[in-house]
>>> print(open('my_file.txt').read())   # compact mmCIF, C-alpha atoms and all ligand atoms
# COMPACT_ATOMS: atom_id res chain seq x y z
CA MET V 1 220.47 -104.47 164.92
CA LYS V 2 217.26 -102.43 164.81
CA LYS V 3 217.48 -99.34 162.60
CA ILE V 4 214.92 -96.58 163.01
CA HIS V 5 214.13 -93.97 160.36
CA VAL V 6 212.35 -90.86 161.64
CA THR V 7 210.91 -88.02 159.56
CA THR V 8 210.06 -84.80 161.39
CA HIS V 9 209.34 -81.22 160.40
CA ALA V 10 210.38 -77.91 161.89
CA ASN V 11 207.61 -76.13 163.74
CA LEU V 12 207.15 -72.42 162.99
CA ALA V 13 206.02 -70.46 166.05
CA LEU V 14 203.11 -68.08 165.56
CA ILE V 15 203.25 -67.21 169.27
CA LYS V 16 206.94 -67.30 170.06
CA TYR V 17 209.13 -68.94 172.66
CA TRP V 18 212.02 -66.66 173.58
CA GLY V 19 213.61 -66.89 177.03
CA LYS V 20 213.74 -69.58 179.70
CA ARG V 21 212.64 -69.69 183.33
CA ASN V 22 215.07 -72.59 183.88
CA GLU V 23 218.12 -72.82 181.62
CA ALA V 24 219.21 -76.35 182.53
CA LEU V 25 215.79 -77.92 181.97
CA MET V 26 214.90 -75.62 179.03
CA LEU V 27 211.71 -74.42 180.70
CA PRO V 28 210.19 -71.49 178.82
CA CYS V 29 208.92 -68.18 180.19
CA THR V 30 205.89 -68.40 177.87
CA SER V 31 203.62 -70.97 176.32
CA SER V 32 204.03 -70.99 172.54
CA PHE V 33 201.97 -72.11 169.54
CA GLY V 34 203.20 -73.15 166.12
CA ILE V 35 202.64 -75.07 162.92
CA SER V 36 204.60 -77.92 161.47
CA LEU V 37 205.95 -77.13 157.97
CA THR V 38 206.21 -79.58 155.04
CA ALA V 39 209.07 -77.58 153.48
CA LEU V 40 211.34 -77.95 156.51
CA LYS V 41 211.87 -81.69 156.74
CA THR V 42 214.50 -83.66 158.67
CA THR V 43 215.20 -87.35 158.14
CA THR V 44 217.18 -89.21 160.78
CA THR V 45 218.39 -92.80 160.90
CA MET V 46 219.60 -94.17 164.20
CA PHE V 47 220.55 -97.44 165.86
CA ALA V 48 222.23 -98.62 169.04
CA CYS V 49 225.87 -99.65 168.50
CA HIS V 50 228.53 -101.56 170.41
CA SER V 51 231.01 -98.74 170.73
CA ASP V 52 232.27 -96.44 173.47
CA ASN V 53 231.25 -93.33 171.59
CA ASP V 54 228.28 -92.04 169.66
CA SER V 55 228.78 -91.60 165.95
CA ILE V 56 227.05 -88.53 164.51
CA GLU V 57 226.85 -87.56 160.87
CA LEU V 58 224.92 -84.47 159.86
CA GLU V 59 224.64 -84.75 156.09
CA GLY V 60 225.20 -81.50 154.27
CA ASN V 61 226.66 -79.72 157.31
CA ASN V 62 229.01 -81.71 159.50
CA ASN V 63 230.38 -78.72 161.42
CA PRO V 64 231.72 -80.31 164.67
CA SER V 65 230.24 -77.49 166.80
CA LEU V 66 226.78 -78.79 165.85
CA HIS V 67 227.66 -82.17 167.43
CA ILE V 68 228.21 -80.75 170.93
CA PRO V 69 224.53 -80.27 171.91
CA ILE V 70 223.70 -83.67 170.38
CA HIS V 71 226.30 -85.46 172.53
CA LYS V 72 224.98 -83.57 175.57
CA PHE V 73 221.41 -84.60 174.75
CA LEU V 74 222.36 -88.27 174.31
CA ASP V 75 224.35 -88.29 177.58
CA GLU V 76 221.41 -86.76 179.47
CA THR V 77 218.99 -89.23 177.88
CA ARG V 78 221.19 -92.21 178.83
CA ALA V 79 221.39 -90.93 182.41
CA LEU V 80 217.62 -90.33 182.64
CA PHE V 81 216.59 -93.77 181.36
CA GLY V 82 219.55 -95.93 182.41
CA ILE V 83 220.54 -96.64 178.80
CA ASN V 84 224.03 -98.09 178.40
CA THR V 85 224.59 -98.19 174.63
CA ALA V 86 226.06 -95.70 172.22
CA PHE V 87 224.12 -94.57 169.14
CA SER V 88 224.92 -94.20 165.50
CA ILE V 89 223.02 -91.28 163.99
CA ILE V 90 222.79 -89.98 160.44
CA SER V 91 220.60 -86.92 160.06
CA LYS V 92 219.79 -84.75 157.09
CA ASN V 93 217.96 -81.44 157.05
CA HIS V 94 216.36 -80.86 153.67
CA PHE V 95 216.87 -77.09 154.20
CA PRO V 96 219.72 -74.76 155.43
CA THR V 97 220.91 -75.73 158.94
CA ALA V 98 221.31 -73.47 162.01
CA SER V 99 220.45 -70.23 160.28
CA GLY V 100 217.07 -69.57 161.85
CA LEU V 101 215.01 -72.23 160.08
CA ALA V 102 214.48 -74.20 163.27
CA SER V 103 216.71 -77.12 162.29
CA SER V 104 217.33 -77.89 165.96
CA ALA V 105 213.58 -78.30 166.52
CA SER V 106 213.08 -81.04 163.93
CA GLY V 107 216.51 -82.55 164.68
CA PHE V 108 216.03 -83.05 168.43
CA ALA V 109 212.39 -84.10 167.96
CA ALA V 110 213.67 -86.86 165.65
CA LEU V 111 216.28 -87.92 168.23
CA ALA V 112 213.74 -88.08 171.07
CA LEU V 113 211.31 -90.13 168.94
CA GLY V 114 214.21 -92.27 167.68
CA VAL V 115 215.67 -93.09 171.12
CA ASN V 116 212.20 -94.02 172.35
CA SER V 117 211.86 -96.53 169.49
CA VAL V 118 215.43 -97.87 169.39
CA CYS V 119 215.50 -98.49 173.15
CA ARG V 120 211.82 -99.49 173.39
CA LEU V 121 211.28 -97.00 176.21
CA GLY V 122 207.51 -96.98 175.72
CA LEU V 123 207.21 -93.26 176.50
CA SER V 124 203.95 -91.35 175.96
CA MET V 125 203.92 -88.43 173.50
CA GLN V 126 203.90 -86.10 176.51
CA GLU V 127 207.06 -87.73 177.87
CA ILE V 128 208.72 -87.66 174.42
CA SER V 129 207.94 -83.94 174.18
CA VAL V 130 209.52 -83.35 177.60
CA LEU V 131 212.60 -85.29 176.46
CA ALA V 132 212.86 -83.43 173.11
CA ARG V 133 212.66 -80.13 175.00
CA ARG V 134 215.94 -80.99 176.75
CA GLY V 135 217.68 -80.87 173.35
CA SER V 136 216.15 -77.65 172.06
CA GLY V 137 213.09 -75.89 173.47
CA SER V 138 211.17 -75.69 170.22
CA ALA V 139 211.79 -79.42 169.61
CA ALA V 140 209.09 -80.02 172.23
CA ARG V 141 206.59 -78.78 169.58
CA SER V 142 208.22 -80.62 166.63
CA ILE V 143 207.31 -84.09 167.90
CA HIS V 144 203.83 -83.41 166.52
CA GLY V 145 202.45 -82.42 163.11
CA GLY V 146 199.65 -79.92 162.59
CA PHE V 147 199.02 -77.04 165.00
CA VAL V 148 200.84 -77.43 168.30
CA LEU V 149 200.64 -75.80 171.72
CA TRP V 150 203.64 -76.02 174.03
CA HIS V 151 202.56 -75.43 177.61
CA ARG V 152 204.88 -73.26 179.66
CA GLY V 153 204.14 -75.40 182.71
CA GLU V 154 204.52 -74.38 186.34
CA ASN V 155 206.36 -77.23 188.05
CA PRO V 156 210.08 -76.81 188.77
CA ASP V 157 210.79 -80.33 187.45
CA GLY V 158 209.42 -79.45 183.99
CA TYR V 159 207.18 -82.48 183.58
CA ASP V 160 204.18 -80.24 182.84
CA SER V 161 206.08 -78.30 180.15
CA PHE V 162 205.23 -80.33 177.05
CA ALA V 163 203.56 -79.80 173.68
CA GLU V 164 200.25 -81.16 172.49
CA SER V 165 198.55 -81.21 169.13
CA MET V 166 195.56 -78.84 168.97
CA PHE V 167 194.49 -79.44 165.35
CA ASN V 168 195.87 -81.91 162.86
CA ALA V 169 197.42 -81.02 159.48
CA ASP V 170 194.21 -81.32 157.47
CA TRP V 171 192.32 -78.91 159.73
CA TRP V 172 193.33 -76.04 157.44
CA PRO V 173 194.45 -77.43 154.04
CA ASP V 174 194.46 -73.96 152.45
CA LEU V 175 197.00 -72.46 154.81
CA ARG V 176 200.45 -71.79 153.31
CA VAL V 177 203.77 -70.49 154.59
CA ILE V 178 206.08 -69.05 151.94
CA ILE V 179 209.68 -68.87 153.12
CA ALA V 180 212.18 -66.42 151.68
CA VAL V 181 215.59 -68.06 152.23
CA THR V 182 218.15 -65.27 152.48
CA THR V 183 221.34 -67.07 153.50
CA THR V 184 222.91 -70.52 153.78
CA GLN V 185 225.24 -69.32 156.55
CA GLU V 186 224.88 -70.36 160.17
CA LYS V 187 223.72 -67.65 162.53
CA LYS V 188 226.39 -65.91 164.62
CA ILE V 189 224.45 -65.86 167.89
CA SER V 190 222.55 -69.02 168.80
CA SER V 191 218.97 -68.68 170.01
CA ARG V 192 220.10 -70.14 173.32
CA VAL V 193 222.59 -67.31 173.95
CA GLY V 194 220.36 -64.63 172.41
CA ALA V 195 217.23 -65.50 174.38
CA THR V 196 219.09 -65.48 177.70
CA ALA V 197 220.56 -62.07 176.89
CA SER V 198 217.09 -60.75 176.00
CA LYS V 199 215.57 -61.97 179.23
CA GLU V 200 218.38 -60.40 181.26
CA THR V 201 218.76 -57.08 179.47
CA SER V 202 215.82 -56.14 177.24
CA PRO V 203 213.52 -53.63 178.99
CA LEU V 204 210.69 -54.77 176.69
CA PHE V 205 210.82 -58.42 177.80
CA PRO V 206 208.26 -58.29 180.69
CA ALA V 207 205.62 -56.45 178.62
CA TRP V 208 206.02 -58.95 175.76
CA LEU V 209 205.40 -61.85 178.18
CA GLU V 210 202.08 -60.30 179.19
CA ARG V 211 200.97 -59.62 175.62
CA SER V 212 201.99 -63.10 174.50
CA LYS V 213 199.83 -64.62 177.27
CA ASP V 214 196.88 -62.55 176.09
CA ARG V 215 197.34 -63.51 172.41
CA LEU V 216 197.64 -67.26 172.92
CA PRO V 217 193.95 -68.18 173.47
CA LYS V 218 192.96 -65.72 170.74
CA ILE V 219 195.17 -67.30 168.10
CA ILE V 220 193.98 -70.81 169.00
CA GLU V 221 190.41 -69.58 168.56
CA ALA V 222 191.32 -67.96 165.22
CA VAL V 223 192.77 -71.27 163.98
CA ARG V 224 189.69 -73.11 165.27
CA ASP V 225 187.52 -70.69 163.22
CA ARG V 226 189.98 -70.71 160.27
CA ASN V 227 189.95 -66.93 160.56
CA PHE V 228 193.01 -66.08 158.47
CA HIS V 229 193.18 -62.33 159.14
CA THR V 230 192.89 -62.62 162.92
CA MET V 231 195.47 -65.42 163.00
CA GLY V 232 197.85 -63.48 160.75
CA GLN V 233 197.50 -60.24 162.70
CA LEU V 234 198.14 -61.98 166.03
CA ALA V 235 201.15 -63.88 164.64
CA GLU V 236 202.65 -60.74 163.09
CA ALA V 237 202.07 -58.75 166.31
CA ASP V 238 203.81 -61.42 168.38
CA TRP V 239 206.73 -61.48 165.95
CA ALA V 240 206.98 -57.66 166.04
CA ASP V 241 207.12 -57.76 169.85
CA MET V 242 209.79 -60.48 169.85
CA ARG V 243 211.76 -58.53 167.23
CA ASP V 244 211.64 -55.39 169.41
CA VAL V 245 212.71 -57.40 172.45
CA MET V 246 215.69 -58.67 170.41
CA ILE V 247 216.62 -55.22 169.08
CA ASN V 248 216.48 -53.77 172.61
CA THR V 249 218.73 -56.50 174.03
CA LYS V 250 222.15 -55.28 175.17
CA PRO V 251 224.19 -55.67 173.03
CA THR V 252 221.49 -55.55 170.38
CA LEU V 253 220.53 -58.77 168.62
CA ASN V 254 220.36 -58.18 164.91
CA TYR V 255 219.34 -61.42 163.23
CA TRP V 256 218.19 -59.69 160.03
CA THR V 257 219.86 -58.45 156.85
CA ASN V 258 218.91 -55.82 154.30
CA VAL V 259 217.36 -58.62 152.27
CA SER V 260 215.14 -59.61 155.23
CA TRP V 261 213.88 -56.04 155.55
CA ALA V 262 213.30 -55.80 151.78
CA VAL V 263 211.03 -58.87 152.06
CA VAL V 264 209.20 -57.47 155.10
CA ASN V 265 208.67 -54.09 153.39
CA LYS V 266 207.46 -55.74 150.18
CA ILE V 267 204.77 -57.72 151.99
CA ILE V 268 203.62 -54.70 153.99
CA SER V 269 203.43 -52.60 150.85
CA LEU V 270 201.49 -55.29 148.93
CA ARG V 271 199.09 -55.55 151.84
CA GLU V 272 198.56 -51.79 151.99
CA LYS V 273 198.44 -51.06 148.27
CA SER V 274 196.81 -54.16 146.82
CA SER V 275 195.05 -55.65 149.87
CA LEU V 276 197.15 -58.82 149.59
CA ALA V 277 196.24 -61.02 152.57
CA ALA V 278 199.70 -61.95 153.84
CA TYR V 279 201.43 -61.68 157.23
CA ILE V 280 205.05 -61.85 158.32
CA THR V 281 207.00 -63.71 160.95
CA THR V 282 210.71 -64.43 161.44
CA ASP V 283 212.72 -66.33 164.04
CA ALA V 284 216.28 -65.94 165.25
CA GLY V 285 217.64 -65.63 161.73
CA PRO V 286 217.37 -63.61 158.53
CA HIS V 287 214.79 -65.72 156.68
CA VAL V 288 211.27 -64.34 156.38
CA LYS V 289 208.17 -66.53 156.59
CA VAL V 290 204.97 -65.24 155.02
CA LEU V 291 201.58 -66.61 156.05
CA CYS V 292 198.95 -66.65 153.31
CA LEU V 293 196.17 -68.77 151.82
CA ALA V 294 196.66 -71.14 148.85
CA SER V 295 194.94 -68.72 146.44
CA ASN V 296 197.59 -66.04 147.14
CA ALA V 297 200.62 -68.36 147.41
CA PRO V 298 201.77 -68.10 143.75
CA ARG V 299 201.64 -64.28 143.89
CA VAL V 300 203.52 -64.09 147.21
CA ALA V 301 206.18 -66.55 145.94
CA GLN V 302 206.55 -64.65 142.65
CA GLU V 303 207.01 -61.32 144.46
CA LEU V 304 209.59 -62.77 146.85
CA ARG V 305 211.59 -64.35 143.98
CA LYS V 306 211.97 -60.89 142.39
CA ILE V 307 213.73 -59.42 145.47
CA PRO V 308 217.53 -59.24 144.94
CA GLY V 309 219.33 -61.38 147.52
CA VAL V 310 216.50 -63.87 148.06
CA LEU V 311 218.29 -67.17 147.39
CA SER V 312 215.25 -69.41 147.15
CA VAL V 313 211.59 -69.48 147.99
CA LEU V 314 210.06 -72.51 149.72
CA GLU V 315 206.33 -73.10 149.65
CA SER V 316 204.96 -74.99 152.61
CA CYS V 317 201.71 -76.55 153.77
CA VAL V 318 201.00 -77.73 157.30
CA ALA V 319 202.85 -81.03 157.81
CA SER V 320 201.38 -84.24 159.22
CA GLU V 321 202.63 -86.20 162.22
CA PRO V 322 206.24 -87.48 162.23
CA ILE V 323 206.82 -90.87 160.61
CA ILE V 324 208.77 -93.56 162.46
CA GLU V 325 209.78 -96.65 160.47
CA GLU V 326 211.66 -99.68 161.67
CA GLU V 327 214.13 -101.51 159.41
CA THR V 328 214.93 -105.02 160.50
O1 LIG F 401 214.45 -73.96 170.24
P1 LIG F 401 215.41 -72.83 170.13
O2 LIG F 401 216.26 -72.68 171.36
O3 LIG F 401 216.22 -72.86 168.86
O4 LIG F 401 214.55 -71.45 170.09
C1 LIG F 401 213.67 -71.13 169.05
C2 LIG F 401 213.17 -69.77 169.21
C3 LIG F 401 212.36 -69.18 168.07
O5 LIG F 401 212.52 -69.91 166.88
C4 LIG F 401 212.83 -67.75 167.82
C5 LIG F 401 210.88 -69.12 168.43
C6 LIG F 401 210.14 -70.43 168.50
O6 LIG F 401 209.25 -70.52 169.36
O7 LIG F 401 210.40 -71.34 167.72
>>> encode(input="my_file.txt", output="structure tokens")
Amino acid sequence: MKKIHVTTHANLALIKYWGKRNEALMLPCTSSFGISLTALKTTTTMFACHSDNDSIELEGNNNPSLHIPIHKFLDETRALFGINTAFSIISKNHFPTASGLASSASGFAALALGVNSVCRLGLSMQEISVLARRGSGSAARSIHGGFVLWHRGENPDGYDSFAESMFNADWWPDLRVIIAVTTTQEKKISSRVGATASKETSPLFPAWLERSKDRLPKIIEAVRDRNFHTMGQLAEADWADMRDVMINTKPTLNYWTNVSWAVVNKIISLREKSSLAAYITTDAGPHVKVLCLASNAPRVAQELRKIPGVLSVLESCVASEPIIEEET
């Protein structure tokens, strides 16, 4: 029986994906752009098995509610490609799961890459991205390392909504993301539910879509030029817009805690008072991710460790492409 080991990384959006134009196919309202992070690694082992049911083990967090979207993804994949075997899957996130650290992105990217190898489907990276997207939108980006653009696409069938690598991991070796981990709890409102509510009820949603479209080519150019300040300002502005969209959702989406705001305020104050070059982004969870260059990483990490309530601080570089290994 062929066993496949896949290593993927979560992909942190600098230009965010929040809201779908088609819920069933996970088609986004916006294109998004992100970086793959070494600190947020998922390792998945899978093989086809002679059983009626899939066997899923999520090491470190085997909450049965986390299995539901995985079963759905595997059923859809079997239907799409005419696969008639069950799978045995053991997956481990080397970071807190389902609390806004994009565990679903690296997890479903690993499954899409894994199914392609186990079943010898021979899919292109574009097709694997389209498949991963069916599990979790941001997983479309996580099938690559480096700096990744996920195209919104226009077609109703979604085959033009896939991610591609714009720059590989060693394009910007000095870039760092310092993550302040503020909880090990799962988030109360999933991004799936939250994003739909934002699209339907937040009066700020349409204006954010327009601004996001405008920022996208600018941030790609900033990365091309390795212009840290422009990249950081654009990423922070896009986060601030997404945050305001979330806060103005009815009922309000509050993914942050007092500890999150303490981290945000600390970085802003260091930037204002001591010209520290660091920018903030968060996702649908209370952790705060700080963009900086390698020379400032120890200082940023030290400052974050001093904040009461910060549980741990992860230092990340841009991660390389996923690794797929076959065990015979
Ligand atoms: O892939 P999902 O459905 O978990 O959504 C992720 C959404 C954000 O993390 C908030 C933004 C992004 O583009 O990753």
>>> closest_residue(input="my_file.txt", among="V:Lys188, V:Lys2, V:Arg224, V:Arg243", to="ligand LIG 401 (chain F)", atoms="only C-alpha atoms and all ligand atoms")
V:Arg243
>>> closest_residue(input="my_file.txt", among="V:Gly82, V:Gly114, V:Gly60, V:Gly194", to="His94 of chain V", atoms="only C-alpha atoms")
V:Gly60
>>> closest_residue(input="my_file.txt", among="V:Met166, V:Met242, V:Cys119, V:Val300", to="Tyr279 of chain V", atoms="all atoms listed in the file")
V:Val300
>>> atom_distance(input="my_file.txt", atom1="atom CA of Val193 of chain V", atom2="atom O2 of ligand LIG 401 (chain F)")
8.7 Å
>>> residues_near_ligand(input="my_file.txt", ligand="ligand LIG 401 (chain F)", cutoff="6 Å", atoms="only C-alpha atoms and all ligand atoms", output="PyMOL selection string")
chain V and resi 12-13+16-18+102+104-105+136-138+191-192+283-284
>>> closest_residue(input="my_file.txt", among="V:Glu326, V:Glu186, V:Asp241, V:Glu76", to="Leu131 of chain V", atoms="only C-alpha atoms")
V:Glu76
>>> atom_distance(input="my_file.txt", atom1="atom CA of Asn227 of chain V", atom2="atom CA of Leu276 of chain V")
15.4 Å
>>> residues_around(input="my_file.txt", residues="His229 of chain V", least_positions_apart="5", cutoff="9 Å", atoms="all atoms listed in the file", output="list of chain:residue names")
V:Ala222, V:Leu234, V:Ala277, V:Ala278, V:Tyr279
>>> closest_residue(input="my_file.txt", among="V:Leu113, V:Ala79, V:Ile143, V:Ala24", to="Val6 of chain V", atoms="all atoms listed in the file")
V:Leu113
>>> atom_distance(input="my_file.txt", atom1="atom CA of Asn265 of chain V", atom2="atom CA of Thr38 of chain V")
25.7 Å
>>> residues_near_point(input="my_file.txt", point="(213.2, -81.3, 177.1)", cutoff="6 Å", atoms="all atoms listed in the file", output="NGL selection string")
:V and (130-135)
>>> closest_residue(input="my_file.txt", among="V:Ser260, V:Thr85, V:Thr184, V:Thr249", to="Phe47 of chain V", atoms="only C-alpha atoms")
V:Thr85
>>> residues_around(input="my_file.txt", residues="Trp172 of chain V", least_positions_apart="2", cutoff="9 Å", atoms="only C-alpha atoms", output="list of chain:residue names")
V:Phe167, V:Asn168, V:Ala169, V:Asp170, V:Asp174, V:Leu175, V:Val223, V:Arg226, V:Val318
>>> residues_near_point(input="my_file.txt", point="(223.3, -90.2, 175.3)", cutoff="10 Å", atoms="all atoms listed in the file", output="JSON list (two decimals) with C-alpha atoms, in the coordinates of the input")
[["chain", "number", "residue", "atom", "x", "y", "z"],
["V", 53, "ASN", "CA", 231.25, -93.33, 171.59],
["V", 54, "ASP", "CA", 228.28, -92.04, 169.66],
["V", 70, "ILE", "CA", 223.70, -83.67, 170.38],
["V", 71, "HIS", "CA", 226.30, -85.46, 172.53],
["V", 72, "LYS", "CA", 224.98, -83.57, 175.57],
["V", 73, "PHE", "CA", 221.41, -84.60, 174.75],
["V", 74, "LEU", "CA", 222.36, -88.27, 174.31],
["V", 75, "ASP", "CA", 224.35, -88.29, 177.58],
["V", 76, "GLU", "CA", 221.41, -86.76, 179.47],
["V", 77, "THR", "CA", 218.99, -89.23, 177.88],
["V", 78, "ARG", "CA", 221.19, -92.21, 178.83],
["V", 79, "ALA", "CA", 221.39, -90.93, 182.41],
["V", 80, "LEU", "CA", 217.62, -90.33, 182.64],
["V", 81, "PHE", "CA", 216.59, -93.77, 181.36],
["V", 82, "GLY", "CA", 219.55, -95.93, 182.41],
["V", 83, "ILE", "CA", 220.54, -96.64, 178.80],
["V", 84, "ASN", "CA", 224.03, -98.09, 178.40],
["V", 85, "THR", "CA", 224.59, -98.19, 174.63],
["V", 86, "ALA", "CA", 226.06, -95.70, 172.22],
["V", 87, "PHE", "CA", 224.12, -94.57, 169.14],
["V", 115, "VAL", "CA", 215.67, -93.09, 171.12]]
>>> residues_around(input="my_file.txt", residues="Ser117 of chain V", least_positions_apart="3", cutoff="12 Å", atoms="only C-alpha atoms", output="number ranges by chain")
V: 2-6, 45-48, 110-114, 120-124, 128, 323-327
>>> residues_around(input="my_file.txt", residues="Leu58 of chain V", least_positions_apart="5", cutoff="7 Å", atoms="all atoms listed in the file", output="NGL selection string")
:V and (90-92)
>>> write_last_selection(input="my_file.txt", atoms="C-alpha atoms", output="CSV table (one decimal), in the coordinates of the input")
chain,number,residue,atom,x,y,z
V,90,ILE,CA,222.8,-90.0,160.4
V,91,SER,CA,220.6,-86.9,160.1
V,92,LYS,CA,219.8,-84.8,157.1
>>> build_atoms(input="my_file.txt", residues="segment 286-305 of chain V", atoms="N, CA, C and O atoms", output="mmCIF file, keeping the file's coordinate frame")
data_model
loop_
_atom_site.group_PDB
_atom_site.id
_atom_site.type_symbol
_atom_site.label_atom_id
_atom_site.label_comp_id
_atom_site.auth_asym_id
_atom_site.auth_seq_id
_atom_site.Cartn_x
_atom_site.Cartn_y
_atom_site.Cartn_z
ATOM 1 N N PRO V 286 217.745 -64.620 159.531
ATOM 2 C CA PRO V 286 217.370 -63.610 158.530
ATOM 3 C C PRO V 286 216.292 -64.040 157.536
ATOM 4 O O PRO V 286 215.896 -63.248 156.691
ATOM 5 N N HIS V 287 215.830 -65.287 157.619
ATOM 6 C CA HIS V 287 214.790 -65.720 156.680
ATOM 7 C C HIS V 287 213.447 -65.133 157.085
ATOM 8 O O HIS V 287 213.197 -64.925 158.263
ATOM 9 N N VAL V 288 212.591 -64.916 156.075
ATOM 10 C CA VAL V 288 211.270 -64.340 156.380
ATOM 11 C C VAL V 288 210.209 -65.356 155.967
ATOM 12 O O VAL V 288 210.271 -65.931 154.878
ATOM 13 N N LYS V 289 209.255 -65.581 156.862
ATOM 14 C CA LYS V 289 208.170 -66.530 156.590
ATOM 15 C C LYS V 289 206.892 -65.734 156.420
ATOM 16 O O LYS V 289 206.562 -64.894 157.264
ATOM 17 N N VAL V 290 206.187 -66.005 155.327
ATOM 18 C CA VAL V 290 204.970 -65.240 155.020
ATOM 19 C C VAL V 290 203.773 -66.185 155.077
ATOM 20 O O VAL V 290 203.740 -67.205 154.391
ATOM 21 N N LEU V 291 202.818 -65.822 155.919
ATOM 22 C CA LEU V 291 201.580 -66.610 156.050
ATOM 23 C C LEU V 291 200.586 -66.122 155.013
ATOM 24 O O LEU V 291 200.367 -64.912 154.891
ATOM 25 N N CYS V 292 199.991 -67.046 154.263
ATOM 26 C CA CYS V 292 198.950 -66.650 153.310
ATOM 27 C C CYS V 292 198.056 -67.861 153.037
ATOM 28 O O CYS V 292 198.286 -68.940 153.578
ATOM 29 N N LEU V 293 197.036 -67.656 152.207
ATOM 30 C CA LEU V 293 196.170 -68.770 151.820
ATOM 31 C C LEU V 293 196.601 -69.273 150.438
ATOM 32 O O LEU V 293 197.275 -68.546 149.689
ATOM 33 N N ALA V 294 196.197 -70.494 150.091
ATOM 34 C CA ALA V 294 196.660 -71.140 148.850
ATOM 35 C C ALA V 294 196.414 -70.257 147.625
ATOM 36 O O ALA V 294 197.247 -70.186 146.720
ATOM 37 N N SER V 295 195.280 -69.542 147.611
ATOM 38 C CA SER V 295 194.940 -68.720 146.440
ATOM 39 C C SER V 295 195.966 -67.599 146.210
ATOM 40 O O SER V 295 196.171 -67.166 145.077
ATOM 41 N N ASN V 296 196.609 -67.123 147.280
ATOM 42 C CA ASN V 296 197.590 -66.040 147.140
ATOM 43 C C ASN V 296 199.044 -66.539 147.101
ATOM 44 O O ASN V 296 199.963 -65.740 146.900
ATOM 45 N N ALA V 297 199.241 -67.840 147.299
ATOM 46 C CA ALA V 297 200.620 -68.360 147.410
ATOM 47 C C ALA V 297 201.459 -68.104 146.163
ATOM 48 O O ALA V 297 202.616 -67.657 146.271
ATOM 49 N N PRO V 298 200.924 -68.339 144.935
ATOM 50 C CA PRO V 298 201.770 -68.100 143.750
ATOM 51 C C PRO V 298 202.209 -66.637 143.658
ATOM 52 O O PRO V 298 203.356 -66.353 143.327
ATOM 53 N N ARG V 299 201.305 -65.709 143.965
ATOM 54 C CA ARG V 299 201.640 -64.280 143.890
ATOM 55 C C ARG V 299 202.720 -63.927 144.927
ATOM 56 O O ARG V 299 203.690 -63.248 144.604
ATOM 57 N N VAL V 300 202.530 -64.393 146.157
ATOM 58 C CA VAL V 300 203.520 -64.090 147.210
ATOM 59 C C VAL V 300 204.883 -64.652 146.771
ATOM 60 O O VAL V 300 205.911 -63.945 146.804
ATOM 61 N N ALA V 301 204.903 -65.913 146.330
ATOM 62 C CA ALA V 301 206.180 -66.550 145.940
ATOM 63 C C ALA V 301 206.829 -65.788 144.792
ATOM 64 O O ALA V 301 208.043 -65.542 144.802
ATOM 65 N N GLN V 302 206.016 -65.380 143.812
ATOM 66 C CA GLN V 302 206.550 -64.650 142.650
ATOM 67 C C GLN V 302 207.176 -63.319 143.087
ATOM 68 O O GLN V 302 208.266 -62.952 142.652
ATOM 69 N N GLU V 303 206.486 -62.606 143.976
ATOM 70 C CA GLU V 303 207.010 -61.320 144.460
ATOM 71 C C GLU V 303 208.319 -61.510 145.226
ATOM 72 O O GLU V 303 209.254 -60.729 145.078
ATOM 73 N N LEU V 304 208.373 -62.561 146.048
ATOM 74 C CA LEU V 304 209.590 -62.770 146.850
ATOM 75 C C LEU V 304 210.771 -63.152 145.947
ATOM 76 O O LEU V 304 211.901 -62.724 146.193
ATOM 77 N N ARG V 305 210.513 -63.934 144.894
ATOM 78 C CA ARG V 305 211.590 -64.350 143.980
ATOM 79 C C ARG V 305 212.219 -63.148 143.283
ATOM 80 O O ARG V 305 213.378 -63.204 142.891
#
